[in-house]
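J.: Contents of upload-v1.cif (mmCIF, N, CA and C atoms and all ligand atoms) are below:
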```
data_structure
loop_
_atom_site.label_atom_id
_atom_site.label_comp_id
_atom_site.auth_asym_id
_atom_site.auth_seq_id
_atom_site.Cartn_x
_atom_site.Cartn_y
_atom_site.Cartn_z
N MET A 1188 -44.30 -27.26 -63.74
CA MET A 1188 -43.71 -26.91 -62.46
C MET A 1188 -42.66 -25.82 -62.64
N LYS A 1189 -42.71 -24.84 -61.78
CA LYS A 1189 -41.77 -23.74 -61.86
C LYS A 1189 -40.40 -24.15 -61.33
N THR A 1190 -39.37 -23.61 -61.96
CA THR A 1190 -38.01 -23.83 -61.49
C THR A 1190 -37.59 -22.60 -60.69
N PRO A 1191 -37.13 -22.80 -59.44
CA PRO A 1191 -36.72 -21.64 -58.64
C PRO A 1191 -35.58 -20.89 -59.32
N LEU A 1192 -35.55 -19.57 -59.13
CA LEU A 1192 -34.52 -18.72 -59.71
C LEU A 1192 -33.12 -19.20 -59.34
N SER A 1193 -32.98 -19.63 -58.08
CA SER A 1193 -31.64 -20.06 -57.63
C SER A 1193 -31.17 -21.28 -58.43
N LYS A 1194 -32.11 -22.17 -58.83
CA LYS A 1194 -31.75 -23.36 -59.61
C LYS A 1194 -31.36 -22.94 -61.03
N LEU A 1195 -32.10 -21.99 -61.60
CA LEU A 1195 -31.76 -21.49 -62.93
C LEU A 1195 -30.38 -20.87 -62.93
N LEU A 1196 -30.09 -20.12 -61.87
CA LEU A 1196 -28.79 -19.45 -61.78
C LEU A 1196 -27.65 -20.44 -61.69
N GLU A 1197 -27.89 -21.62 -61.07
CA GLU A 1197 -26.84 -22.63 -60.96
C GLU A 1197 -26.36 -23.06 -62.33
N ASN A 1198 -27.26 -23.06 -63.32
CA ASN A 1198 -26.92 -23.50 -64.67
C ASN A 1198 -26.48 -22.34 -65.55
N THR A 1199 -26.34 -21.18 -64.96
CA THR A 1199 -25.97 -20.01 -65.73
C THR A 1199 -24.48 -19.99 -66.01
N ILE A 1200 -24.15 -19.57 -67.22
CA ILE A 1200 -22.75 -19.47 -67.65
C ILE A 1200 -22.20 -18.11 -67.22
N CYS A 1201 -20.95 -18.13 -66.79
CA CYS A 1201 -20.27 -16.90 -66.37
C CYS A 1201 -19.72 -16.14 -67.58
N LYS A 1202 -19.99 -14.86 -67.61
CA LYS A 1202 -19.52 -13.99 -68.68
C LYS A 1202 -18.00 -13.87 -68.65
N ASN A 1203 -17.41 -13.94 -67.46
CA ASN A 1203 -15.97 -13.74 -67.32
C ASN A 1203 -15.13 -14.95 -67.71
N CYS A 1204 -15.56 -16.15 -67.31
CA CYS A 1204 -14.70 -17.33 -67.52
C CYS A 1204 -15.34 -18.41 -68.40
N GLY A 1205 -16.64 -18.34 -68.62
CA GLY A 1205 -17.30 -19.36 -69.44
C GLY A 1205 -17.68 -20.61 -68.68
N GLY A 1206 -17.39 -20.64 -67.37
CA GLY A 1206 -17.72 -21.81 -66.55
C GLY A 1206 -19.11 -21.71 -65.95
N TRP A 1207 -19.63 -22.86 -65.47
CA TRP A 1207 -20.93 -22.87 -64.78
C TRP A 1207 -20.82 -22.14 -63.46
N LYS A 1208 -21.92 -21.58 -63.00
CA LYS A 1208 -21.90 -20.87 -61.73
C LYS A 1208 -21.41 -21.77 -60.60
N GLY A 1209 -21.85 -23.03 -60.61
CA GLY A 1209 -21.50 -23.98 -59.55
C GLY A 1209 -20.02 -24.27 -59.44
N LEU A 1210 -19.23 -23.94 -60.46
CA LEU A 1210 -17.78 -24.17 -60.40
C LEU A 1210 -17.04 -23.04 -59.69
N HIS A 1211 -17.74 -21.96 -59.40
CA HIS A 1211 -17.09 -20.81 -58.77
C HIS A 1211 -16.91 -21.04 -57.27
N HIS A 1212 -15.92 -20.34 -56.71
CA HIS A 1212 -15.63 -20.49 -55.29
C HIS A 1212 -16.89 -20.23 -54.47
N TYR A 1213 -17.20 -21.13 -53.55
CA TYR A 1213 -18.48 -21.05 -52.83
C TYR A 1213 -18.62 -19.83 -51.93
N GLU A 1214 -17.50 -19.24 -51.50
CA GLU A 1214 -17.60 -18.06 -50.64
C GLU A 1214 -17.35 -16.77 -51.41
N THR A 1215 -16.28 -16.78 -52.21
CA THR A 1215 -15.87 -15.54 -52.88
C THR A 1215 -16.48 -15.38 -54.27
N MET A 1216 -16.99 -16.47 -54.85
CA MET A 1216 -17.52 -16.51 -56.22
C MET A 1216 -16.43 -16.20 -57.25
N LYS A 1217 -15.15 -16.43 -56.88
CA LYS A 1217 -14.07 -16.24 -57.85
C LYS A 1217 -14.19 -17.29 -58.95
N CYS A 1218 -13.76 -16.90 -60.14
CA CYS A 1218 -13.82 -17.79 -61.29
C CYS A 1218 -12.76 -18.88 -61.18
N PRO A 1219 -13.11 -20.12 -61.59
CA PRO A 1219 -12.10 -21.17 -61.64
C PRO A 1219 -11.15 -20.89 -62.80
N ARG A 1220 -9.86 -21.25 -62.65
CA ARG A 1220 -8.87 -21.03 -63.71
C ARG A 1220 -9.36 -21.65 -65.01
N ASP A 1221 -9.37 -20.89 -66.07
CA ASP A 1221 -9.82 -21.31 -67.41
C ASP A 1221 -11.29 -21.74 -67.43
N GLY A 1222 -12.05 -21.39 -66.41
CA GLY A 1222 -13.47 -21.75 -66.38
C GLY A 1222 -13.73 -23.22 -66.15
N LYS A 1223 -12.70 -23.92 -65.65
CA LYS A 1223 -12.84 -25.38 -65.46
C LYS A 1223 -12.43 -25.80 -64.07
N GLU A 1224 -12.94 -26.98 -63.68
CA GLU A 1224 -12.57 -27.59 -62.42
C GLU A 1224 -11.20 -28.24 -62.60
N SER A 1225 -10.36 -28.21 -61.57
CA SER A 1225 -9.04 -28.83 -61.68
C SER A 1225 -9.20 -30.34 -61.85
N LYS A 1226 -8.22 -30.95 -62.50
CA LYS A 1226 -8.29 -32.40 -62.74
C LYS A 1226 -7.43 -33.16 -61.74
N GLY A 1227 -7.87 -34.36 -61.42
CA GLY A 1227 -7.11 -35.26 -60.55
C GLY A 1227 -6.84 -34.64 -59.19
N LEU A 1228 -5.59 -34.71 -58.77
CA LEU A 1228 -5.22 -34.22 -57.45
C LEU A 1228 -4.71 -32.78 -57.49
N ASN A 1229 -4.74 -32.16 -58.65
CA ASN A 1229 -4.27 -30.77 -58.75
C ASN A 1229 -5.19 -29.85 -57.97
N PRO A 1230 -4.59 -28.92 -57.20
CA PRO A 1230 -5.44 -27.98 -56.45
C PRO A 1230 -6.18 -27.05 -57.41
N GLN A 1231 -7.37 -26.66 -57.02
CA GLN A 1231 -8.14 -25.72 -57.85
C GLN A 1231 -7.48 -24.35 -57.79
N LEU A 1232 -7.25 -23.77 -58.94
CA LEU A 1232 -6.71 -22.42 -59.02
C LEU A 1232 -7.84 -21.47 -59.36
N TRP A 1233 -7.73 -20.24 -58.85
CA TRP A 1233 -8.79 -19.26 -59.03
C TRP A 1233 -8.30 -18.03 -59.75
N GLU A 1234 -9.17 -17.45 -60.55
CA GLU A 1234 -8.88 -16.19 -61.23
C GLU A 1234 -9.16 -15.03 -60.27
N THR A 1235 -8.81 -13.83 -60.66
CA THR A 1235 -9.14 -12.66 -59.83
C THR A 1235 -10.57 -12.18 -60.12
N THR A 1236 -11.13 -12.63 -61.26
CA THR A 1236 -12.50 -12.24 -61.61
C THR A 1236 -13.51 -13.05 -60.80
N THR A 1237 -14.73 -12.55 -60.71
CA THR A 1237 -15.79 -13.26 -60.01
C THR A 1237 -16.95 -13.53 -60.96
N PHE A 1238 -17.84 -14.41 -60.49
CA PHE A 1238 -18.97 -14.82 -61.32
C PHE A 1238 -19.79 -13.63 -61.80
N ARG A 1239 -20.09 -13.65 -63.07
CA ARG A 1239 -20.98 -12.65 -63.65
C ARG A 1239 -21.87 -13.37 -64.65
N ALA A 1240 -23.18 -13.30 -64.43
CA ALA A 1240 -24.12 -14.05 -65.25
C ALA A 1240 -24.18 -13.54 -66.68
N GLU A 1241 -24.25 -14.48 -67.61
CA GLU A 1241 -24.51 -14.15 -69.02
C GLU A 1241 -26.02 -14.16 -69.15
N LEU A 1242 -26.61 -13.02 -69.41
CA LEU A 1242 -28.06 -12.91 -69.41
C LEU A 1242 -28.65 -12.94 -70.82
N THR A 1243 -29.82 -13.56 -70.93
CA THR A 1243 -30.57 -13.49 -72.18
C THR A 1243 -31.19 -12.09 -72.26
N TYR A 1244 -31.77 -11.78 -73.40
CA TYR A 1244 -32.42 -10.48 -73.56
C TYR A 1244 -33.51 -10.31 -72.51
N THR A 1245 -34.34 -11.33 -72.35
CA THR A 1245 -35.45 -11.26 -71.39
C THR A 1245 -34.93 -11.06 -69.97
N GLU A 1246 -33.91 -11.83 -69.61
CA GLU A 1246 -33.33 -11.71 -68.26
C GLU A 1246 -32.74 -10.31 -68.04
N SER A 1247 -32.09 -9.78 -69.05
CA SER A 1247 -31.49 -8.45 -68.88
C SER A 1247 -32.58 -7.38 -68.73
N LYS A 1248 -33.72 -7.56 -69.42
CA LYS A 1248 -34.82 -6.61 -69.26
C LYS A 1248 -35.43 -6.70 -67.86
N LEU A 1249 -35.55 -7.93 -67.34
CA LEU A 1249 -36.08 -8.12 -65.99
C LEU A 1249 -35.13 -7.51 -64.96
N LEU A 1250 -33.83 -7.71 -65.14
CA LEU A 1250 -32.85 -7.14 -64.23
C LEU A 1250 -32.94 -5.61 -64.24
N GLU A 1251 -33.03 -5.05 -65.43
CA GLU A 1251 -33.14 -3.60 -65.57
C GLU A 1251 -34.38 -3.10 -64.82
N ALA A 1252 -35.48 -3.84 -64.97
CA ALA A 1252 -36.73 -3.44 -64.32
C ALA A 1252 -36.60 -3.46 -62.79
N ILE A 1253 -36.02 -4.53 -62.24
CA ILE A 1253 -35.95 -4.59 -60.77
C ILE A 1253 -34.88 -3.64 -60.23
N GLU A 1254 -33.85 -3.35 -61.04
CA GLU A 1254 -32.85 -2.39 -60.59
C GLU A 1254 -33.43 -0.98 -60.50
N ASN A 1255 -34.46 -0.74 -61.28
CA ASN A 1255 -35.08 0.59 -61.28
C ASN A 1255 -36.15 0.75 -60.21
N LEU A 1256 -36.43 -0.32 -59.47
CA LEU A 1256 -37.40 -0.20 -58.38
C LEU A 1256 -36.81 0.69 -57.28
N GLU A 1257 -37.64 1.50 -56.72
CA GLU A 1257 -37.21 2.34 -55.60
C GLU A 1257 -38.09 2.03 -54.40
N ASN A 1258 -37.50 2.10 -53.24
CA ASN A 1258 -38.24 1.76 -52.03
C ASN A 1258 -37.99 2.79 -50.93
N ASP A 1259 -37.81 4.04 -51.35
CA ASP A 1259 -37.51 5.10 -50.38
C ASP A 1259 -38.64 5.28 -49.36
N ASP A 1260 -39.86 5.01 -49.78
CA ASP A 1260 -40.99 5.16 -48.85
C ASP A 1260 -41.38 3.84 -48.18
N ASN A 1261 -40.54 2.81 -48.37
CA ASN A 1261 -40.79 1.49 -47.77
C ASN A 1261 -42.15 0.90 -48.15
N SER A 1262 -42.60 1.20 -49.37
CA SER A 1262 -43.89 0.65 -49.80
C SER A 1262 -43.76 -0.82 -50.21
N ILE A 1263 -42.54 -1.27 -50.52
CA ILE A 1263 -42.32 -2.69 -50.81
C ILE A 1263 -42.02 -3.38 -49.48
N PRO A 1264 -42.77 -4.45 -49.16
CA PRO A 1264 -42.52 -5.15 -47.89
C PRO A 1264 -41.05 -5.56 -47.76
N ASN A 1265 -40.53 -5.49 -46.56
CA ASN A 1265 -39.11 -5.75 -46.29
C ASN A 1265 -38.63 -7.09 -46.84
N HIS A 1266 -39.43 -8.16 -46.64
CA HIS A 1266 -38.98 -9.48 -47.12
C HIS A 1266 -38.89 -9.49 -48.64
N ALA A 1267 -39.81 -8.82 -49.33
CA ALA A 1267 -39.77 -8.76 -50.80
C ALA A 1267 -38.59 -7.92 -51.27
N TRP A 1268 -38.33 -6.82 -50.58
CA TRP A 1268 -37.20 -5.95 -50.94
C TRP A 1268 -35.88 -6.70 -50.80
N LYS A 1269 -35.75 -7.51 -49.73
CA LYS A 1269 -34.53 -8.30 -49.53
C LYS A 1269 -34.34 -9.32 -50.65
N LEU A 1270 -35.44 -9.95 -51.09
CA LEU A 1270 -35.36 -10.92 -52.19
C LEU A 1270 -34.89 -10.24 -53.47
N ILE A 1271 -35.40 -9.05 -53.71
CA ILE A 1271 -35.03 -8.29 -54.91
C ILE A 1271 -33.54 -7.95 -54.86
N GLN A 1272 -33.09 -7.43 -53.72
CA GLN A 1272 -31.68 -7.06 -53.59
C GLN A 1272 -30.76 -8.27 -53.71
N GLN A 1273 -31.18 -9.41 -53.14
CA GLN A 1273 -30.38 -10.64 -53.21
C GLN A 1273 -30.29 -11.12 -54.66
N ALA A 1274 -31.41 -11.06 -55.38
CA ALA A 1274 -31.42 -11.50 -56.79
C ALA A 1274 -30.46 -10.65 -57.62
N ILE A 1275 -30.49 -9.35 -57.41
CA ILE A 1275 -29.60 -8.45 -58.15
C ILE A 1275 -28.15 -8.78 -57.83
N LYS A 1276 -27.88 -8.99 -56.54
CA LYS A 1276 -26.51 -9.31 -56.11
C LYS A 1276 -26.02 -10.62 -56.74
N GLU A 1277 -26.88 -11.64 -56.76
CA GLU A 1277 -26.49 -12.93 -57.33
C GLU A 1277 -26.23 -12.83 -58.82
N VAL A 1278 -27.10 -12.14 -59.51
CA VAL A 1278 -26.96 -12.03 -60.97
C VAL A 1278 -25.73 -11.22 -61.34
N LYS A 1279 -25.48 -10.15 -60.62
CA LYS A 1279 -24.36 -9.28 -60.97
C LYS A 1279 -23.04 -9.73 -60.35
N GLY A 1280 -23.12 -10.69 -59.42
CA GLY A 1280 -21.90 -11.21 -58.83
C GLY A 1280 -21.15 -10.18 -58.00
N CYS A 1281 -21.89 -9.34 -57.34
CA CYS A 1281 -21.22 -8.33 -56.49
C CYS A 1281 -21.96 -8.17 -55.18
ZN ZN B 1301 -16.47 -17.06 -63.88
#
```
Output the file's structure in the form of structure tokens.

T.:
Amino acid sequence: MKTPLSKLLENTICKNCGGWKGLHHYETMKCPRDGKESKGLNPQLWETTTFRAELTYTESKLLEAIENLENDDNSIPNHAWKLIQQAIKEVKGC
């Protein structure tokens, strides 16, 4: 059974803080302080950095490939183009 890309990304480690993607701020994707969830009743503190995926060699080659896709003539269907752009945005954290 295939694992959706979004599920794989949830388990991805952040290059900036070393924490899991799921520990990052749900709206801003800011890194949790020290890459960890706050303990007990302490409020969660956030770094100024945002999530950035640590990619394997294969993943980095795939990212490079999709970043080089061009759609100036709209030959890639709109829904597919949106998926590509969303994937790049999620992986790069921007
Ligand atoms: Zn982080």

J.: Please provide as a CSV table (one decimal) with N, CA and C atoms, in the frame of the given file all residues within 12 Å of range 1216-1232 of chain A, with the sequence filter that same-chain residues fewer than 2 positions apart are discarded (counting only C-alpha atoms).

T.:
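See selection-v9.csv below for the written result:
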```
chain,number,residue,atom,x,y,z
A,1200,ILE,N,-24.2,-19.6,-67.2
A,1200,ILE,CA,-22.8,-19.5,-67.6
A,1200,ILE,C,-22.2,-18.1,-67.2
A,1201,CYS,N,-21.0,-18.1,-66.8
A,1201,CYS,CA,-20.3,-16.9,-66.4
A,1201,CYS,C,-19.7,-16.1,-67.6
A,1202,LYS,N,-20.0,-14.9,-67.6
A,1202,LYS,CA,-19.5,-14.0,-68.7
A,1202,LYS,C,-18.0,-13.9,-68.6
A,1203,ASN,N,-17.4,-13.9,-67.5
A,1203,ASN,CA,-16.0,-13.7,-67.3
A,1203,ASN,C,-15.1,-15.0,-67.7
A,1204,CYS,N,-15.6,-16.2,-67.3
A,1204,CYS,CA,-14.7,-17.3,-67.5
A,1204,CYS,C,-15.3,-18.4,-68.4
A,1205,GLY,N,-16.6,-18.3,-68.6
A,1205,GLY,CA,-17.3,-19.4,-69.4
A,1205,GLY,C,-17.7,-20.6,-68.7
A,1206,GLY,N,-17.4,-20.6,-67.4
A,1206,GLY,CA,-17.7,-21.8,-66.6
A,1206,GLY,C,-19.1,-21.7,-66.0
A,1207,TRP,N,-19.6,-22.9,-65.5
A,1207,TRP,CA,-20.9,-22.9,-64.8
A,1207,TRP,C,-20.8,-22.1,-63.5
A,1208,LYS,N,-21.9,-21.6,-63.0
A,1208,LYS,CA,-21.9,-20.9,-61.7
A,1208,LYS,C,-21.4,-21.8,-60.6
A,1209,GLY,N,-21.8,-23.0,-60.6
A,1209,GLY,CA,-21.5,-24.0,-59.6
A,1209,GLY,C,-20.0,-24.3,-59.4
A,1210,LEU,N,-19.2,-23.9,-60.5
A,1210,LEU,CA,-17.8,-24.2,-60.4
A,1210,LEU,C,-17.0,-23.0,-59.7
A,1211,HIS,N,-17.7,-22.0,-59.4
A,1211,HIS,CA,-17.1,-20.8,-58.8
A,1211,HIS,C,-16.9,-21.0,-57.3
A,1212,HIS,N,-15.9,-20.3,-56.7
A,1212,HIS,CA,-15.6,-20.5,-55.3
A,1212,HIS,C,-16.9,-20.2,-54.5
A,1213,TYR,N,-17.2,-21.1,-53.6
A,1213,TYR,CA,-18.5,-21.0,-52.8
A,1213,TYR,C,-18.6,-19.8,-51.9
A,1214,GLU,N,-17.5,-19.2,-51.5
A,1214,GLU,CA,-17.6,-18.1,-50.6
A,1214,GLU,C,-17.4,-16.8,-51.4
A,1234,GLU,N,-9.2,-17.4,-60.6
A,1234,GLU,CA,-8.9,-16.2,-61.2
A,1234,GLU,C,-9.2,-15.0,-60.3
A,1235,THR,N,-8.8,-13.8,-60.7
A,1235,THR,CA,-9.1,-12.7,-59.8
A,1235,THR,C,-10.6,-12.2,-60.1
A,1236,THR,N,-11.1,-12.6,-61.3
A,1236,THR,CA,-12.5,-12.2,-61.6
A,1236,THR,C,-13.5,-13.0,-60.8
A,1237,THR,N,-14.7,-12.6,-60.7
A,1237,THR,CA,-15.8,-13.3,-60.0
A,1237,THR,C,-17.0,-13.5,-61.0
A,1238,PHE,N,-17.8,-14.4,-60.5
A,1238,PHE,CA,-19.0,-14.8,-61.3
A,1238,PHE,C,-19.8,-13.6,-61.8
A,1239,ARG,N,-20.1,-13.6,-63.1
A,1239,ARG,CA,-21.0,-12.6,-63.6
A,1239,ARG,C,-21.9,-13.4,-64.6
A,1240,ALA,N,-23.2,-13.3,-64.4
A,1240,ALA,CA,-24.1,-14.0,-65.2
A,1240,ALA,C,-24.2,-13.5,-66.7
A,1276,LYS,N,-27.9,-9.0,-56.5
A,1276,LYS,CA,-26.5,-9.3,-56.1
A,1276,LYS,C,-26.0,-10.6,-56.7
A,1277,GLU,N,-26.9,-11.6,-56.8
A,1277,GLU,CA,-26.5,-12.9,-57.3
A,1277,GLU,C,-26.2,-12.8,-58.8
A,1278,VAL,N,-27.1,-12.1,-59.5
A,1278,VAL,CA,-27.0,-12.0,-61.0
A,1278,VAL,C,-25.7,-11.2,-61.3
A,1279,LYS,N,-25.5,-10.2,-60.6
A,1279,LYS,CA,-24.4,-9.3,-61.0
A,1279,LYS,C,-23.0,-9.7,-60.4
A,1280,GLY,N,-23.1,-10.7,-59.4
A,1280,GLY,CA,-21.9,-11.2,-58.8
A,1280,GLY,C,-21.2,-10.2,-58.0
A,1281,CYS,N,-21.9,-9.3,-57.3
A,1281,CYS,CA,-21.2,-8.3,-56.5
A,1281,CYS,C,-22.0,-8.2,-55.2
```

J.: Please provide the set of residues having any atom within 12 Å of range 1242-1259 of chain A, restricted to only C-alpha atoms, with same-chain residues fewer than 4 positions apart removed, written as a PDB file with N, CA and C atoms, keeping the file's coordinate frame.

T.:
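Listing of around11.pdb after writing:
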```
ATOM      1  N   LEU A1192     -35.550 -19.570 -59.130  1.00  0.00           N
ATOM      2  CA  LEU A1192     -34.520 -18.720 -59.710  1.00  0.00           C
ATOM      3  C   LEU A1192     -33.120 -19.200 -59.340  1.00  0.00           C
ATOM      4  N   LEU A1195     -32.100 -21.990 -61.600  1.00  0.00           N
ATOM      5  CA  LEU A1195     -31.760 -21.490 -62.930  1.00  0.00           C
ATOM      6  C   LEU A1195     -30.380 -20.870 -62.930  1.00  0.00           C
ATOM      7  N   LEU A1196     -30.090 -20.120 -61.870  1.00  0.00           N
ATOM      8  CA  LEU A1196     -28.790 -19.450 -61.780  1.00  0.00           C
ATOM      9  C   LEU A1196     -27.650 -20.440 -61.690  1.00  0.00           C
ATOM     10  N   ASN A1198     -27.260 -23.060 -63.320  1.00  0.00           N
ATOM     11  CA  ASN A1198     -26.920 -23.500 -64.670  1.00  0.00           C
ATOM     12  C   ASN A1198     -26.480 -22.340 -65.550  1.00  0.00           C
ATOM     13  N   THR A1199     -26.340 -21.180 -64.960  1.00  0.00           N
ATOM     14  CA  THR A1199     -25.970 -20.010 -65.730  1.00  0.00           C
ATOM     15  C   THR A1199     -24.480 -19.990 -66.010  1.00  0.00           C
ATOM     16  N   ILE A1200     -24.150 -19.570 -67.220  1.00  0.00           N
ATOM     17  CA  ILE A1200     -22.750 -19.470 -67.650  1.00  0.00           C
ATOM     18  C   ILE A1200     -22.200 -18.110 -67.220  1.00  0.00           C
ATOM     19  N   CYS A1201     -20.950 -18.130 -66.790  1.00  0.00           N
ATOM     20  CA  CYS A1201     -20.270 -16.900 -66.370  1.00  0.00           C
ATOM     21  C   CYS A1201     -19.720 -16.140 -67.580  1.00  0.00           C
ATOM     22  N   LYS A1202     -19.990 -14.860 -67.610  1.00  0.00           N
ATOM     23  CA  LYS A1202     -19.520 -13.990 -68.680  1.00  0.00           C
ATOM     24  C   LYS A1202     -18.000 -13.870 -68.650  1.00  0.00           C
ATOM     25  N   ILE A1263     -42.540  -1.270 -50.520  1.00  0.00           N
ATOM     26  CA  ILE A1263     -42.320  -2.690 -50.810  1.00  0.00           C
ATOM     27  C   ILE A1263     -42.020  -3.380 -49.480  1.00  0.00           C
ATOM     28  N   PRO A1264     -42.770  -4.450 -49.160  1.00  0.00           N
ATOM     29  CA  PRO A1264     -42.520  -5.150 -47.890  1.00  0.00           C
ATOM     30  C   PRO A1264     -41.050  -5.560 -47.760  1.00  0.00           C
ATOM     31  N   ASN A1265     -40.530  -5.490 -46.560  1.00  0.00           N
ATOM     32  CA  ASN A1265     -39.110  -5.750 -46.290  1.00  0.00           C
ATOM     33  C   ASN A1265     -38.630  -7.090 -46.840  1.00  0.00           C
ATOM     34  N   ALA A1267     -39.810  -8.820 -49.330  1.00  0.00           N
ATOM     35  CA  ALA A1267     -39.770  -8.760 -50.800  1.00  0.00           C
ATOM     36  C   ALA A1267     -38.590  -7.920 -51.270  1.00  0.00           C
ATOM     37  N   TRP A1268     -38.330  -6.820 -50.580  1.00  0.00           N
ATOM     38  CA  TRP A1268     -37.200  -5.950 -50.940  1.00  0.00           C
ATOM     39  C   TRP A1268     -35.880  -6.700 -50.800  1.00  0.00           C
ATOM     40  N   LYS A1269     -35.750  -7.510 -49.730  1.00  0.00           N
ATOM     41  CA  LYS A1269     -34.530  -8.300 -49.530  1.00  0.00           C
ATOM     42  C   LYS A1269     -34.340  -9.320 -50.650  1.00  0.00           C
ATOM     43  N   LEU A1270     -35.440  -9.950 -51.090  1.00  0.00           N
ATOM     44  CA  LEU A1270     -35.360 -10.920 -52.190  1.00  0.00           C
ATOM     45  C   LEU A1270     -34.890 -10.240 -53.470  1.00  0.00           C
ATOM     46  N   ILE A1271     -35.400  -9.050 -53.710  1.00  0.00           N
ATOM     47  CA  ILE A1271     -35.030  -8.290 -54.910  1.00  0.00           C
ATOM     48  C   ILE A1271     -33.540  -7.950 -54.860  1.00  0.00           C
ATOM     49  N   GLN A1272     -33.090  -7.430 -53.720  1.00  0.00           N
ATOM     50  CA  GLN A1272     -31.680  -7.060 -53.590  1.00  0.00           C
ATOM     51  C   GLN A1272     -30.760  -8.270 -53.710  1.00  0.00           C
ATOM     52  N   GLN A1273     -31.180  -9.410 -53.140  1.00  0.00           N
ATOM     53  CA  GLN A1273     -30.380 -10.640 -53.210  1.00  0.00           C
ATOM     54  C   GLN A1273     -30.290 -11.120 -54.660  1.00  0.00           C
ATOM     55  N   ALA A1274     -31.410 -11.060 -55.380  1.00  0.00           N
ATOM     56  CA  ALA A1274     -31.420 -11.500 -56.790  1.00  0.00           C
ATOM     57  C   ALA A1274     -30.460 -10.650 -57.620  1.00  0.00           C
ATOM     58  N   ILE A1275     -30.490  -9.350 -57.410  1.00  0.00           N
ATOM     59  CA  ILE A1275     -29.600  -8.450 -58.150  1.00  0.00           C
ATOM     60  C   ILE A1275     -28.150  -8.780 -57.830  1.00  0.00           C
ATOM     61  N   LYS A1276     -27.880  -8.990 -56.540  1.00  0.00           N
ATOM     62  CA  LYS A1276     -26.510  -9.310 -56.110  1.00  0.00           C
ATOM     63  C   LYS A1276     -26.020 -10.620 -56.740  1.00  0.00           C
ATOM     64  N   GLU A1277     -26.880 -11.640 -56.760  1.00  0.00           N
ATOM     65  CA  GLU A1277     -26.490 -12.930 -57.330  1.00  0.00           C
ATOM     66  C   GLU A1277     -26.230 -12.830 -58.820  1.00  0.00           C
ATOM     67  N   VAL A1278     -27.100 -12.140 -59.510  1.00  0.00           N
ATOM     68  CA  VAL A1278     -26.960 -12.030 -60.970  1.00  0.00           C
ATOM     69  C   VAL A1278     -25.730 -11.220 -61.340  1.00  0.00           C
ATOM     70  N   LYS A1279     -25.480 -10.150 -60.620  1.00  0.00           N
ATOM     71  CA  LYS A1279     -24.360  -9.280 -60.970  1.00  0.00           C
ATOM     72  C   LYS A1279     -23.040  -9.730 -60.350  1.00  0.00           C
TER      73      LYS A1279
END
```

J.: Have a look at CA of His1266 in chain A and CA of Thr1215 in chain A and let me know their distance in Å, one decimal.

T.: 24.6 Å

J.: Report, as AutoDock Vina command-line options, the centre and edge lengths in Å (one decimal) of the axis-aligned box enclosing every listed atom of range 1217-1234 of chain A, padded by 8 Å on each side.

T.:
```
--center_x -9.7 --center_y -25.1 --center_z -61.9 --size_x 26.9 --size_y 36.2 --size_z 27.0
```

J.: Write down as a PyMOL selection string the residues belonging to chain A that are assigned alpha helix (DSSP H) by DSSP computed on the backbone.

T.: chain A and resi 1192-1197+1244-1254+1265-1279
